[in-house]
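Down below is the structure, laid out as structure tokens.
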Amino acid sequence: MIPATFECYRPKTVDEALSLISQYKDEAKVLAGGQSLIPMMKLRFARYPVIIDIGGLDELRFIKEEDGKIKIGALTKHREVEKSELISSKIPVLSYCASEIADIQVRNMGTIGGSLAHADPSADFPPVMLVLEADVVAKSQNGERTISVKDLFVSVFETSLKEDELLTEVQIPIPDNNMKFGYKKFPHPATGFAVVNCAVGLKMNGNTVEDIRVAFGGMTTSPYRDYELEEKLKGKELNDSLIEEVSDSIGEGKDIISDYYADADYRKHVAKTFFKRLANELRGS
Amino acid sequence: MEISLTVNGEKHTVDVPPNTLLVYLLREVLNLTGTHIGCDTSSCGACTVIMNGKAVKSCTVFAFQADGAEIITVEGLAKNGELHPVQEGFMEKHGLQCGFCTPGMLVLAYELVNTEEDLSEEKLRKALKGNLCRCTGYQKIVEAIQYAKEKV
Amino acid sequence: MGVVGQPVKRKEDRRLITGYGEFLEDIKLPGMLYAVFVRSPLAHGKIVSIDTSEAENYPGVVAVFTAKDLEGKVNDNPVAWIVPDSNQADVKRPLLARDKVRFMGEPVAVVIAESRQAAYDAAELVYVDYEDLPAVVQADEAVKDGAPLVHEHVPNNIALKWHVKGGDVEKAFSEADRIIKQRIHIHRAAPVPLEPRGAVAKYNPGKDKLTVWVTTQNAHIHRFLLSVILNEPEHKIRVITPDVGGGFGAKIPVYIEEAVVSFAAMQLKRPVKWVETRSEHFVSSIHGRDFIGELEFAVKNDGKILGIRGKNYGNLGAYYSTISPGCVTVLHGLILPGTYDIQAFDYEMYGVFTNTAPTDADRGAGRPEALFFLERMVDIIAQELGLDPVEVRKKNLLPPGENIKTVTGLVYDSADYQKAMNKALEIADYEGLRKQQEELRKECRYIGIGVVSHIDICGFAPSKVVGAVGLQAGQWESAIVRVHPTGKVTIVSGASPHGQGSDTTYSQIVSDILGIPIEDIELVYGDTDAVQMGWGTYGSRGAATGGTAVAKAAKKVFEKAKMLAAHFLETEEENLEFKDGVFIRKDNPEKKITIQDVALQANVAWNLPEGVEPGLEAEVFYDPSNFTYPFGTHICVVEVDPETGQVDFLKYLAVDDAGNILNPLLADGQVQGGIVHGIGHSMYEAIVYSEDGQLLTGSFNEYALPKAHLVPHIENHYTITPSNVNELGVKGIGEAGAIAAQVCVANAIIDALKPFGIKHLDSPYTPARIWKAIQEAKQNGGNA
């Protein structure tokens, strides 16, 4: 199919882009790699009078280490994240997560900023970014601010970015060496998107949980950190029965996505299973 | 919008509306019909082309995003009538039946044999996630790409 | 040694791997317009009004047609299978919905514009007012009293009912130790070729000639039915098949879109092109399967099956598709006893209308559903009786032989089911697998082993037989073998390959008979002005029926060449030896003539024997004496993760017997592709409608065609039991993989679940369904 007609701007600098974004506001949509946006436009589920293609902003394409953080420019392709030696040496879970996204062609075009700004509840990055406690940088003509990823996802395809803001960078604190991370996804066989995905970060002190972070995707309209679950484990001695016991609360009280392929019960069950498996793998049993 | 791009070594400057997808530019403006359209959800990969050295789905790229790019399509794989090893592989190993998905498979294979070291069956099957084939069951496509890897 | 039986590389490949295939979407004609259909968003509704004015005024729009514009000018789309003694309801499909829409996606209007973009844009501006009607989507719901009626004149939505009875059923059931019953729903899926459907129509008013390029498996059937629909004489229609990107049954039917585009081209006197999007494909191309069987098997305690009783509700969708009545009856019920010696049979088959897209042939067409029922039942019987499933199969297999008459009246051409089964069991080390399964269960790991003995009805077909069971067509096949003056050969076949590689296999056949290299031979097909009447490619008929016609034509050519060679070498035919394309006098080997020279002489005709016609070609119309029945045994081993329901493949092994194999490379390809089709249908692919008839799996975002990493490596093996039906001894191998694999995977998965007390589970075998089944079984006291 063919997308509905639109006007297109191709800014050469971030400043130029911000000026266009502030000029057109909700009339315009920012196009990064387009791997989520273009399919929606083709099916005409989405149509916009104005497209601002930021693909030419090479200044937003970088992976670097600075101030104890890995900083990734918003236009960095998934495949670049996946193949980055810096990332695989400092945050291997992120390389793995990137390698799980869709397929090679999509990873060759799709960008990390585009993916996060798209806020698909079933995307790969969000749970991993949540347990890595990443921030994104949002720029507008009025300046720039940092948004914690936990505050970024509002609902399906909806973020806390303001309409004149552009997501320009992702910043990930390089984790403590003693904290181990894992990521599991139950991919929908048609799309590779998560029916359920789960990321866990675990820091043990002997048999005791010193720190733990758990996040889920595919479960509700937004990926989320499960702080309640984390609190139940912190400072506790980790054993099978505790893991079993705390996992019972996963998804409880939440409005879990349910469809013909996987209903809410099943999603909750998979989330529990993934959490248990990751907790066991990361504690080394 | 005026767009300049190089396709299979040939430079083109074209004027197309912004909503033109790269696949339509290739097929309908440049008459390179080897690149196919098998779906409307960026799922099947029949439209895969190489853009600046990387395999992309040309149905999910606007033509303007390819402005200034070097594109290789299935028509550009063979040089002077000599087949590229991936093409040879598909012929030797019976990696195609109806041939509709084949251009996309070949172009993806072109990137894989050029950039990936490990083309074990398991790796290769995962690398083919973005390309659907209804005829072959994939096994002979895997063999074809492995054959090509040996040759390059 | 000849080339038949050799793994010859395909001649088709070069154009397809260099980007020079010529598919429908590649056709571009001067002045060509584009058609986009406006489709019903509702499953069932009355059309109150259609407002096309805004669309008509949209820039670039040339015409908008609705049912009103077609009235009196065209006929409805007829069905080409009228099952005798079935009370088949008279329902024809309007080209565009009249008064009422009956499934989501049914076309209501068509917009024709100068560009694709304008057509899409304007299609959004056609406003249709509907009055929503209640819908019914499942066949066994649709037959209930009070269910919404899809067609008012068809009570209980029963389109047809066909009954097959053979043997002494009452005796079988009274003598049985046990009667094993099961309801089995084989869920709806779709053939889904990678190339979507499409058509380009061009009309020349000066010649009164309509040319239609269409993605079809059978150009002549299209010409025939388009002629009926359009009131255009058959000789004034030319149907051309470009390269076709897969069919699997989806490109057998004559679709209303193809007829509408033809009508539009005739009205507007400009070429019109329509290519569906993938989303349109899912709402409006045919679907397949969706049978609900209620089966009863009479068995002895030792596993011997005495008889089968039951009925089936086959979901036809909202209208007949071209051959769908046959898919739910003739192609299904007669083969239900499979490879087993079952002497009593009583089976009622219902074809049922529902508010869903029409179903038709989907790689196997009725036979996969039969084998699914049968081989699921055999596993259930084994489980009920505490026997090994292989033991039950072996107990019931028909003995090896030829012309074996079955209880349903079929005659199996040649059989050695034990041989294929034993080979499969031996290679897979079946005993070892069972031991491994036992061991792993102790560790709470659940592997399952599926074994099926499969059979297919192929080589369509003896025309008088298919005529007797209601197909409104013949099923013979034609071939011309034409040797040109330079000794190059054109084969003209009524078959219509679309991935099978018939250009290669037919060339192999001709090359061996005429001693002409295969690169000097080419196949012409799929153009009704270039090809004599023929019936196309489906039902695994390309090799057995099409190939045999080619062999017969080549032999006729050879006989003439030999006669001419004798004439030119001034000797008797008996004094000639033929080797590598050269006729040599036995008594004087210096005297010889190549077949190429014979061809030249035959074509210039300067010196032909008295009464001999010039030229070197022969035409054959071959009507087979019987169907062919390929068979085999497949074994699948899976591991089920009971915590998530996810399935991993550990092994897939296929032993197929398709008689003689023309080209082992291509045979492997057919079997592997078929198996993955079957696996897809078993585990990943599902056409799902909501209760009110909304399609929930309307794109590749929901409908999961199997991907490379989701399917196993397949081990292919063969036994060879030549068919006695044709001189090539071939049976056909296009559908066997799909037929066997769908139930083989089902049996493996359910076998893995046996420790939970699970006896049967309906497909698709998605992790969620498997997990749910385990949970329910646990609640019902299943252990493990």
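Ordered as shown in the structure tokens, chains take letters A, B, and onward, while each chain numbers its residues from 1 and ligands are numbered from 1 in the order shown.
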Notebook entry, point to check: Using only C-alpha atoms, which chain A residues lie at most 7 Å away from chain B, written as an MDAnalysis selection string?
Noted result: chainID A and resid 1 3:8 34:35 38:39 42 103:106 108:109
Next item on the list: At a cut-off of 9 Å, list the chain C residues touching chain A, using only C-alpha atoms, as a ChimeraX atom specification.
Entry: /C:116-117,120-121,277-279,643-644,684-685,688,690,696,700-707,710,766-769,771-772
Write a file of the just-selected residues containing N, CA and C atoms, as an mmCIF file, in the first residue's frame.
```cif
data_model
loop_
_atom_site.group_PDB
_atom_site.id
_atom_site.type_symbol
_atom_site.label_atom_id
_atom_site.label_comp_id
_atom_site.auth_asym_id
_atom_site.auth_seq_id
_atom_site.Cartn_x
_atom_site.Cartn_y
_atom_site.Cartn_z
ATOM 1 N N ARG C 116 -2.120 4.258 -8.943
ATOM 2 C CA ARG C 116 -2.396 3.449 -7.771
ATOM 3 C C ARG C 116 -2.784 4.350 -6.592
ATOM 4 N N GLN C 117 -2.020 5.432 -6.456
ATOM 5 C CA GLN C 117 -2.248 6.347 -5.349
ATOM 6 C C GLN C 117 -3.673 6.928 -5.399
ATOM 7 N N TYR C 120 -6.215 4.284 -4.404
ATOM 8 C CA TYR C 120 -6.263 4.054 -2.949
ATOM 9 C C TYR C 120 -6.940 5.216 -2.241
ATOM 10 N N ASP C 121 -6.546 6.422 -2.621
ATOM 11 C CA ASP C 121 -7.108 7.607 -1.965
ATOM 12 C C ASP C 121 -8.621 7.641 -2.156
ATOM 13 N N THR C 277 -3.138 -6.185 -1.954
ATOM 14 C CA THR C 277 -2.152 -6.064 -0.887
ATOM 15 C C THR C 277 -2.208 -7.351 -0.067
ATOM 16 N N ARG C 278 -1.232 -7.543 0.774
ATOM 17 C CA ARG C 278 -1.252 -8.745 1.608
ATOM 18 C C ARG C 278 -2.447 -8.723 2.552
ATOM 19 N N SER C 279 -2.789 -7.549 3.058
ATOM 20 C CA SER C 279 -3.949 -7.473 3.954
ATOM 21 C C SER C 279 -5.223 -7.864 3.212
ATOM 22 N N GLU C 643 6.258 -25.711 31.221
ATOM 23 C CA GLU C 643 6.035 -24.450 31.934
ATOM 24 C C GLU C 643 5.547 -23.340 31.027
ATOM 25 N N THR C 644 5.960 -23.380 29.757
ATOM 26 C CA THR C 644 5.538 -22.309 28.844
ATOM 27 C C THR C 644 4.722 -22.840 27.669
ATOM 28 N N TYR C 684 1.761 -22.586 13.816
ATOM 29 C CA TYR C 684 1.925 -21.129 13.772
ATOM 30 C C TYR C 684 0.792 -20.391 13.063
ATOM 31 N N GLU C 685 0.322 -20.981 11.969
ATOM 32 C CA GLU C 685 -0.613 -20.262 11.112
ATOM 33 C C GLU C 685 -2.043 -20.513 11.576
ATOM 34 N N VAL C 688 -8.065 -16.518 12.260
ATOM 35 C CA VAL C 688 -8.959 -16.428 13.415
ATOM 36 C C VAL C 688 -9.970 -15.303 13.196
ATOM 37 N N SER C 690 -13.235 -13.253 15.009
ATOM 38 C CA SER C 690 -13.968 -13.051 16.255
ATOM 39 C C SER C 690 -15.369 -13.628 16.065
ATOM 40 N N LEU C 696 -9.222 -11.474 12.765
ATOM 41 C CA LEU C 696 -8.229 -10.999 13.733
ATOM 42 C C LEU C 696 -6.804 -11.222 13.244
ATOM 43 N N PHE C 700 0.484 -10.205 7.934
ATOM 44 C CA PHE C 700 1.638 -10.965 8.424
ATOM 45 C C PHE C 700 2.059 -10.517 9.825
ATOM 46 N N ASN C 701 1.419 -9.514 10.379
ATOM 47 C CA ASN C 701 1.690 -9.162 11.775
ATOM 48 C C ASN C 701 0.994 -10.118 12.732
ATOM 49 N N GLU C 702 -0.036 -10.802 12.230
ATOM 50 C CA GLU C 702 -0.771 -11.733 13.090
ATOM 51 C C GLU C 702 -0.678 -13.159 12.568
ATOM 52 N N TYR C 703 -0.723 -13.291 11.262
ATOM 53 C CA TYR C 703 -0.695 -14.629 10.660
ATOM 54 C C TYR C 703 0.774 -15.016 10.495
ATOM 55 N N ALA C 704 1.199 -16.014 11.229
ATOM 56 C CA ALA C 704 2.623 -16.351 11.266
ATOM 57 C C ALA C 704 2.955 -17.431 10.239
ATOM 58 N N LEU C 705 3.395 -16.998 9.086
ATOM 59 C CA LEU C 705 3.963 -17.951 8.150
ATOM 60 C C LEU C 705 5.255 -18.454 8.792
ATOM 61 N N PRO C 706 5.514 -19.772 8.712
ATOM 62 C CA PRO C 706 6.717 -20.248 9.406
ATOM 63 C C PRO C 706 7.976 -19.563 8.868
ATOM 64 N N LYS C 707 8.862 -19.249 9.784
ATOM 65 C CA LYS C 707 10.141 -18.646 9.421
ATOM 66 C C LYS C 707 11.227 -19.699 9.576
ATOM 67 N N LEU C 710 12.007 -21.211 12.906
ATOM 68 C CA LEU C 710 10.902 -21.847 13.633
ATOM 69 C C LEU C 710 10.646 -23.279 13.173
ATOM 70 N N THR C 766 -0.349 -23.742 19.653
ATOM 71 C CA THR C 766 0.412 -22.581 20.118
ATOM 72 C C THR C 766 0.803 -22.842 21.565
ATOM 73 N N PRO C 767 1.880 -22.215 22.018
ATOM 74 C CA PRO C 767 2.303 -22.434 23.407
ATOM 75 C C PRO C 767 1.173 -22.176 24.401
ATOM 76 N N ALA C 768 0.408 -21.125 24.156
ATOM 77 C CA ALA C 768 -0.664 -20.800 25.111
ATOM 78 C C ALA C 768 -1.693 -21.931 25.194
ATOM 79 N N ARG C 769 -2.055 -22.490 24.056
ATOM 80 C CA ARG C 769 -3.054 -23.573 24.068
ATOM 81 C C ARG C 769 -2.500 -24.824 24.748
ATOM 82 N N TRP C 771 -0.112 -24.919 27.008
ATOM 83 C CA TRP C 771 -0.011 -24.655 28.442
ATOM 84 C C TRP C 771 -1.382 -24.764 29.121
ATOM 85 N N LYS C 772 -2.384 -24.170 28.475
ATOM 86 C CA LYS C 772 -3.761 -24.242 29.012
ATOM 87 C C LYS C 772 -4.212 -25.702 29.167
#
```
Next item on the list: Return as a ChimeraX atom specification the residues belonging to chain B that are within 7 Å of chain C, counting only C-alpha atoms.
Entry: /B:33-34,38-41,43,74-75,87,91-92,94,97-103,125-126,128-129,132-139
Deliver the residues from the most recent selection as a file, using N, CA and C atoms, as a short mmCIF file (atom, residue, chain, number, x, y, z; two decimals), in the first residue's frame.
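The resulting file, selection.cif, is shown below:
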```
data_model
loop_
_atom_site.label_atom_id
_atom_site.label_comp_id
_atom_site.auth_asym_id
_atom_site.auth_seq_id
_atom_site.Cartn_x
_atom_site.Cartn_y
_atom_site.Cartn_z
N THR B 33 12.35 -4.39 -11.85
CA THR B 33 11.23 -5.14 -11.27
C THR B 33 11.68 -6.42 -10.57
N GLY B 34 12.97 -6.62 -10.48
CA GLY B 34 13.45 -7.81 -9.76
C GLY B 34 13.13 -7.75 -8.28
N GLY B 38 5.83 -8.47 -1.36
CA GLY B 38 5.04 -9.63 -0.96
C GLY B 38 4.10 -9.33 0.19
N CYS B 39 4.22 -8.14 0.78
CA CYS B 39 3.33 -7.83 1.89
C CYS B 39 3.25 -6.34 2.08
N ASP B 40 2.48 -5.93 3.08
CA ASP B 40 2.35 -4.50 3.36
C ASP B 40 2.67 -4.21 4.82
N THR B 41 3.37 -5.15 5.46
CA THR B 41 3.66 -4.96 6.89
C THR B 41 5.15 -5.11 7.19
N SER B 43 7.09 -7.49 6.56
CA SER B 43 7.34 -8.81 7.14
C SER B 43 8.11 -9.74 6.23
N VAL B 74 18.79 -7.00 -6.86
CA VAL B 74 19.12 -8.33 -7.38
C VAL B 74 19.70 -8.24 -8.79
N GLU B 75 19.26 -7.24 -9.55
CA GLU B 75 19.78 -7.10 -10.91
C GLU B 75 21.27 -6.75 -10.90
N GLN B 87 24.09 -16.33 -6.03
CA GLN B 87 23.20 -16.78 -7.11
C GLN B 87 23.55 -18.21 -7.52
N MET B 91 21.21 -21.76 -7.26
CA MET B 91 20.99 -22.63 -8.40
C MET B 91 21.50 -24.05 -8.07
N GLU B 92 22.70 -24.12 -7.51
CA GLU B 92 23.30 -25.42 -7.21
C GLU B 92 22.49 -26.21 -6.20
N HIS B 94 19.29 -25.70 -5.25
CA HIS B 94 17.84 -25.63 -5.41
C HIS B 94 17.22 -24.77 -4.31
N GLN B 97 12.04 -22.05 -5.60
CA GLN B 97 11.04 -22.75 -6.39
C GLN B 97 10.30 -21.73 -7.25
N CYS B 98 9.32 -21.02 -6.68
CA CYS B 98 8.60 -20.06 -7.53
C CYS B 98 9.45 -18.84 -7.83
N GLY B 99 10.42 -18.54 -6.98
CA GLY B 99 11.34 -17.44 -7.26
C GLY B 99 10.86 -16.07 -6.81
N PHE B 100 9.72 -16.01 -6.15
CA PHE B 100 9.19 -14.69 -5.80
C PHE B 100 9.94 -14.07 -4.62
N CYS B 101 10.25 -14.89 -3.62
CA CYS B 101 10.98 -14.37 -2.46
C CYS B 101 12.48 -14.27 -2.74
N THR B 102 12.90 -14.91 -3.83
CA THR B 102 14.32 -15.14 -4.09
C THR B 102 15.16 -13.86 -4.17
N PRO B 103 14.71 -12.81 -4.87
CA PRO B 103 15.54 -11.61 -4.92
C PRO B 103 15.89 -11.09 -3.52
N ARG B 125 19.59 -19.61 10.02
CA ARG B 125 18.12 -19.63 10.12
C ARG B 125 17.64 -18.39 10.87
N LYS B 126 18.36 -18.00 11.92
CA LYS B 126 17.96 -16.80 12.65
C LYS B 126 18.15 -15.55 11.79
N LEU B 128 17.68 -15.31 8.79
CA LEU B 128 16.65 -15.26 7.74
C LEU B 128 15.27 -14.85 8.28
N LYS B 129 15.23 -14.45 9.56
CA LYS B 129 13.95 -14.10 10.18
C LYS B 129 13.12 -13.11 9.38
N LEU B 132 10.47 -14.30 4.26
CA LEU B 132 9.56 -15.44 4.21
C LEU B 132 9.66 -16.17 2.88
N CYS B 133 9.58 -17.49 2.95
CA CYS B 133 9.51 -18.31 1.75
C CYS B 133 8.44 -19.36 2.00
N ARG B 134 7.52 -19.52 1.07
CA ARG B 134 6.47 -20.52 1.25
C ARG B 134 6.82 -21.82 0.55
N CYS B 135 7.74 -21.77 -0.41
CA CYS B 135 7.96 -22.95 -1.24
C CYS B 135 8.97 -23.93 -0.66
N THR B 136 10.11 -23.44 -0.23
CA THR B 136 11.26 -24.33 -0.04
C THR B 136 11.34 -24.97 1.33
N GLY B 137 10.69 -24.39 2.32
CA GLY B 137 10.91 -24.86 3.69
C GLY B 137 12.26 -24.42 4.24
N TYR B 138 12.95 -23.55 3.50
CA TYR B 138 14.18 -22.86 3.92
C TYR B 138 15.46 -23.71 3.89
N GLN B 139 15.33 -25.02 3.96
CA GLN B 139 16.53 -25.83 4.15
C GLN B 139 17.52 -25.64 3.01
#
```
Notebook entry, point to check: Which neighbours of Val209 (chain A) fall inside 8 Å, counting only C-alpha atoms, when residues of the same chain fewer than 3 positions from it are skipped, and could you give them as an NGL selection string?
Noted result: :A and (202-205 or 212 or 233-238)
Now that the selection is made, can you save its residues with N, CA and C atoms as a PDB file, in the first residue's frame?
```
ATOM      1  N   LEU A 202      20.565  -8.433  38.738  1.00  0.00           N
ATOM      2  CA  LEU A 202      20.664  -9.025  40.082  1.00  0.00           C
ATOM      3  C   LEU A 202      22.084  -8.886  40.617  1.00  0.00           C
ATOM      4  N   LYS A 203      22.154  -8.353  41.831  1.00  0.00           N
ATOM      5  CA  LYS A 203      23.444  -8.250  42.495  1.00  0.00           C
ATOM      6  C   LYS A 203      23.355  -9.032  43.799  1.00  0.00           C
ATOM      7  N   MET A 204      24.207 -10.011  43.915  1.00  0.00           N
ATOM      8  CA  MET A 204      24.160 -10.876  45.089  1.00  0.00           C
ATOM      9  C   MET A 204      25.319 -10.545  46.014  1.00  0.00           C
ATOM     10  N   ASN A 205      25.071 -10.744  47.272  1.00  0.00           N
ATOM     11  CA  ASN A 205      26.149 -10.697  48.251  1.00  0.00           C
ATOM     12  C   ASN A 205      26.086 -12.027  48.981  1.00  0.00           C
ATOM     13  N   ILE A 212      18.234  -5.750  43.210  1.00  0.00           N
ATOM     14  CA  ILE A 212      17.568  -6.459  42.106  1.00  0.00           C
ATOM     15  C   ILE A 212      16.668  -5.482  41.357  1.00  0.00           C
ATOM     16  N   LEU A 233      12.463  -8.841  47.623  1.00  0.00           N
ATOM     17  CA  LEU A 233      13.654  -9.682  47.505  1.00  0.00           C
ATOM     18  C   LEU A 233      14.899  -9.041  48.089  1.00  0.00           C
ATOM     19  N   LYS A 234      14.917  -7.728  48.110  1.00  0.00           N
ATOM     20  CA  LYS A 234      16.123  -7.033  48.555  1.00  0.00           C
ATOM     21  C   LYS A 234      16.467  -7.413  49.996  1.00  0.00           C
ATOM     22  N   GLY A 235      17.733  -7.747  50.171  1.00  0.00           N
ATOM     23  CA  GLY A 235      18.219  -8.085  51.504  1.00  0.00           C
ATOM     24  C   GLY A 235      17.845  -9.477  51.954  1.00  0.00           C
ATOM     25  N   LYS A 236      17.100 -10.195  51.107  1.00  0.00           N
ATOM     26  CA  LYS A 236      16.668 -11.544  51.493  1.00  0.00           C
ATOM     27  C   LYS A 236      17.636 -12.598  50.962  1.00  0.00           C
ATOM     28  N   GLU A 237      17.597 -13.718  51.613  1.00  0.00           N
ATOM     29  CA  GLU A 237      18.366 -14.852  51.112  1.00  0.00           C
ATOM     30  C   GLU A 237      17.583 -15.468  49.947  1.00  0.00           C
ATOM     31  N   LEU A 238      18.281 -15.622  48.836  1.00  0.00           N
ATOM     32  CA  LEU A 238      17.562 -16.056  47.640  1.00  0.00           C
ATOM     33  C   LEU A 238      17.528 -17.579  47.560  1.00  0.00           C
TER      34      LEU A 238
END
```
What's around Glu613 (chain C) at 12 Å? Count only C-alpha atoms, leave out sequence neighbours fewer than 2 positions away in its own chain, and write the answer as a PDB file with N, CA and C atoms, in the first residue's frame.
```
ATOM      1  N   LYS C 560       8.208 -41.098 -35.323  1.00  0.00           N
ATOM      2  CA  LYS C 560       8.246 -40.484 -36.657  1.00  0.00           C
ATOM      3  C   LYS C 560       9.691 -40.232 -37.086  1.00  0.00           C
ATOM      4  N   ALA C 561      10.502 -39.753 -36.149  1.00  0.00           N
ATOM      5  CA  ALA C 561      11.903 -39.477 -36.476  1.00  0.00           C
ATOM      6  C   ALA C 561      12.601 -40.752 -36.924  1.00  0.00           C
ATOM      7  N   LEU C 564      11.531 -41.649 -40.360  1.00  0.00           N
ATOM      8  CA  LEU C 564      12.189 -40.784 -41.348  1.00  0.00           C
ATOM      9  C   LEU C 564      13.674 -41.116 -41.473  1.00  0.00           C
ATOM     10  N   GLN C 601      15.233 -32.090 -42.070  1.00  0.00           N
ATOM     11  CA  GLN C 601      14.643 -32.701 -43.271  1.00  0.00           C
ATOM     12  C   GLN C 601      13.115 -32.797 -43.148  1.00  0.00           C
ATOM     13  N   ALA C 602      12.662 -33.117 -41.952  1.00  0.00           N
ATOM     14  CA  ALA C 602      11.209 -33.232 -41.758  1.00  0.00           C
ATOM     15  C   ALA C 602      10.539 -31.887 -41.975  1.00  0.00           C
ATOM     16  N   ASN C 603      11.220 -30.832 -41.562  1.00  0.00           N
ATOM     17  CA  ASN C 603      10.627 -29.511 -41.648  1.00  0.00           C
ATOM     18  C   ASN C 603      10.729 -28.895 -43.041  1.00  0.00           C
ATOM     19  N   VAL C 604      11.838 -29.132 -43.758  1.00  0.00           N
ATOM     20  CA  VAL C 604      11.898 -28.594 -45.119  1.00  0.00           C
ATOM     21  C   VAL C 604      11.090 -29.465 -46.082  1.00  0.00           C
ATOM     22  N   ALA C 605      10.992 -30.748 -45.716  1.00  0.00           N
ATOM     23  CA  ALA C 605      10.100 -31.659 -46.450  1.00  0.00           C
ATOM     24  C   ALA C 605      10.441 -31.804 -47.934  1.00  0.00           C
ATOM     25  N   TRP C 606      11.738 -31.766 -48.237  1.00  0.00           N
ATOM     26  CA  TRP C 606      12.128 -31.930 -49.649  1.00  0.00           C
ATOM     27  C   TRP C 606      12.070 -33.375 -50.096  1.00  0.00           C
ATOM     28  N   ASN C 607      12.243 -34.253 -49.120  1.00  0.00           N
ATOM     29  CA  ASN C 607      12.351 -35.662 -49.495  1.00  0.00           C
ATOM     30  C   ASN C 607      11.710 -36.522 -48.432  1.00  0.00           C
ATOM     31  N   LEU C 608      10.391 -36.473 -48.410  1.00  0.00           N
ATOM     32  CA  LEU C 608       9.702 -37.295 -47.413  1.00  0.00           C
ATOM     33  C   LEU C 608       9.082 -38.504 -48.103  1.00  0.00           C
ATOM     34  N   PRO C 609       8.940 -39.581 -47.355  1.00  0.00           N
ATOM     35  CA  PRO C 609       8.284 -40.751 -47.950  1.00  0.00           C
ATOM     36  C   PRO C 609       6.864 -40.364 -48.383  1.00  0.00           C
ATOM     37  N   GLU C 610       6.406 -41.060 -49.360  1.00  0.00           N
ATOM     38  CA  GLU C 610       5.058 -40.825 -49.873  1.00  0.00           C
ATOM     39  C   GLU C 610       4.038 -40.852 -48.723  1.00  0.00           C
ATOM     40  N   GLY C 611       3.175 -39.851 -48.685  1.00  0.00           N
ATOM     41  CA  GLY C 611       2.086 -39.877 -47.707  1.00  0.00           C
ATOM     42  C   GLY C 611       2.464 -39.394 -46.315  1.00  0.00           C
ATOM     43  N   GLY C 615       7.031 -31.831 -41.047  1.00  0.00           N
ATOM     44  CA  GLY C 615       7.114 -31.408 -39.645  1.00  0.00           C
ATOM     45  C   GLY C 615       7.496 -32.558 -38.729  1.00  0.00           C
ATOM     46  N   LEU C 616       7.991 -32.158 -37.551  1.00  0.00           N
ATOM     47  CA  LEU C 616       8.338 -33.184 -36.571  1.00  0.00           C
ATOM     48  C   LEU C 616       7.776 -32.760 -35.223  1.00  0.00           C
ATOM     49  N   GLU C 617       6.534 -33.060 -35.056  1.00  0.00           N
ATOM     50  CA  GLU C 617       5.918 -32.758 -33.768  1.00  0.00           C
ATOM     51  C   GLU C 617       4.735 -33.686 -33.528  1.00  0.00           C
ATOM     52  N   ALA C 618       4.376 -33.781 -32.281  1.00  0.00           N
ATOM     53  CA  ALA C 618       3.244 -34.635 -31.943  1.00  0.00           C
ATOM     54  C   ALA C 618       2.465 -34.008 -30.800  1.00  0.00           C
TER      55      ALA C 618
END
```
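For region 622-624 of chain C, the set of protein, DNA and RNA residues having any atom at most 10 Å away, when counting only C-alpha atoms and skipping those fewer than 4 positions along the same chain, is Gly459, Phe460, Ala461, Pro462, Ser463, Lys464, Gly474, Gln475, Trp476, Glu477, Ser478, Ala479, Ala544, Thr545, Gly546, Gly547, Thr548, Ala549, Val550, Lys552, Ala553, Thr628, Val725 and Asn726 of chain C.
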Margin query: Excluding region 194-200 of chain A and its own-chain neighbours fewer than 4 positions away, which residues fall within 6 Å of it when counting only C-alpha atoms? Please give them as a list in words.
Written below: Ser122, Pro127, Val128, Phe181, Gly182, Tyr183, Lys184, Lys185, Phe186, Pro187, His188, Arg213, Val214, Ala215, Phe216, Gly217 and Gly218 of chain A
